[in-house]
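Here's the structure, in structure tokens; my notes come after.
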Amino acid sequence: QVQLVESGGGLVQPGGSLRLSCAISGTTGVTVAAWHRQAPGKQRDLLAWIVNDGRPNYASSVKGRFTISRDTATNTLYLQMDSLRPEDTAAYYCRAVVKGATYWGQGTQVTVSA
């Protein structure tokens, strides 16, 4: 059974950094790995993703501040978030596509506030 477990969220001051992790278990056949976020009352937005070629892709809202990476040895997805802003406050979710099926983690809360 494929499971995704995020960690690394928390409270950070504006301008600070956090690194989120997403441990993927139950498969090594991930074809797409991605990070999304959802603020209260808003839709879930795609932030960054990696496909089979390993190249990272970013939404314009986070390009230059966030970095997605994947450790295939440990089957872990990361999101390094720098220069955080209050508007980055949201629940962050990782997503994996395996053999055409989509799996989500439970989410981790990130709050950016002074």
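Starting from 1 in every chain, residues are counted up; chains themselves are A, B, ... following the order of the structure tokens, and ligands are numbered from 1 as listed.
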Just the residues within 8 Å of Pro14 in chain A, please, counting only C-alpha atoms, with nothing from its chain fewer than 6 positions along; format it as a CSV table (one decimal) with N, CA and C atoms, in the first residue's frame.
chain,number,residue,atom,x,y,z
A,83,SER,N,13.0,32.5,2.1
A,83,SER,CA,12.4,33.8,2.0
A,83,SER,C,10.9,33.7,2.2
A,84,LEU,N,10.5,33.0,3.2
A,84,LEU,CA,9.0,32.8,3.4
A,84,LEU,C,8.3,34.1,3.7
A,85,ARG,N,7.1,34.1,3.3
A,85,ARG,CA,6.2,35.3,3.4
A,85,ARG,C,4.9,34.9,4.2
A,86,PRO,N,4.2,35.8,4.8
A,86,PRO,CA,3.0,35.5,5.5
A,86,PRO,C,2.0,34.8,4.5
A,112,VAL,N,3.6,31.3,8.6
A,112,VAL,CA,4.7,32.3,8.6
A,112,VAL,C,4.1,33.6,9.2
A,113,SER,N,4.7,33.9,10.4
A,113,SER,CA,4.2,35.0,11.1
A,113,SER,C,5.3,35.6,12.1
A,114,ALA,N,5.2,36.9,12.3
A,114,ALA,CA,6.1,37.5,13.3
A,114,ALA,C,5.6,37.3,14.7
- Give me the residues within 7 Å of range 90-95 of chain A as a list in words, counting only C-alpha atoms and dropping any in the same chain fewer than 6 places off. Glu6, Cys22, Ala33, Ala34, Trp35, His36, Arg37, Gln38, Ala39, Thr102, Tyr103, Trp104, Gly105, Gln106, Gly107, Thr108, Gln109, Val110 and Thr111 of chain A
- Residues flagged strand (DSSP E) by DSSP in chain A, as a ChimeraX atom specification: /A:3-7,10-12,18-25,30-38,45-51,56-58,66-71,76-81,90-98,101-104,108-112
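In this structure, CA of Val30 in chain A sits 26.1 Å away from CA of Asp82 in chain A.
Residues in contact range of Gln3 in chain A, defined as at most 7 Å between only C-alpha atoms, with sequence neighbours fewer than 3 positions away removed, read Ile24, Ser25 and Gly26 of chain A.
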- Query: Near range 65-69 of chain A, within 7 Å and counting only C-alpha atoms, which residues show up once chain neighbours fewer than 3 positions away are dropped, as a ChimeraX atom specification?
  - Reply: /A:48-49,56,62,77-83
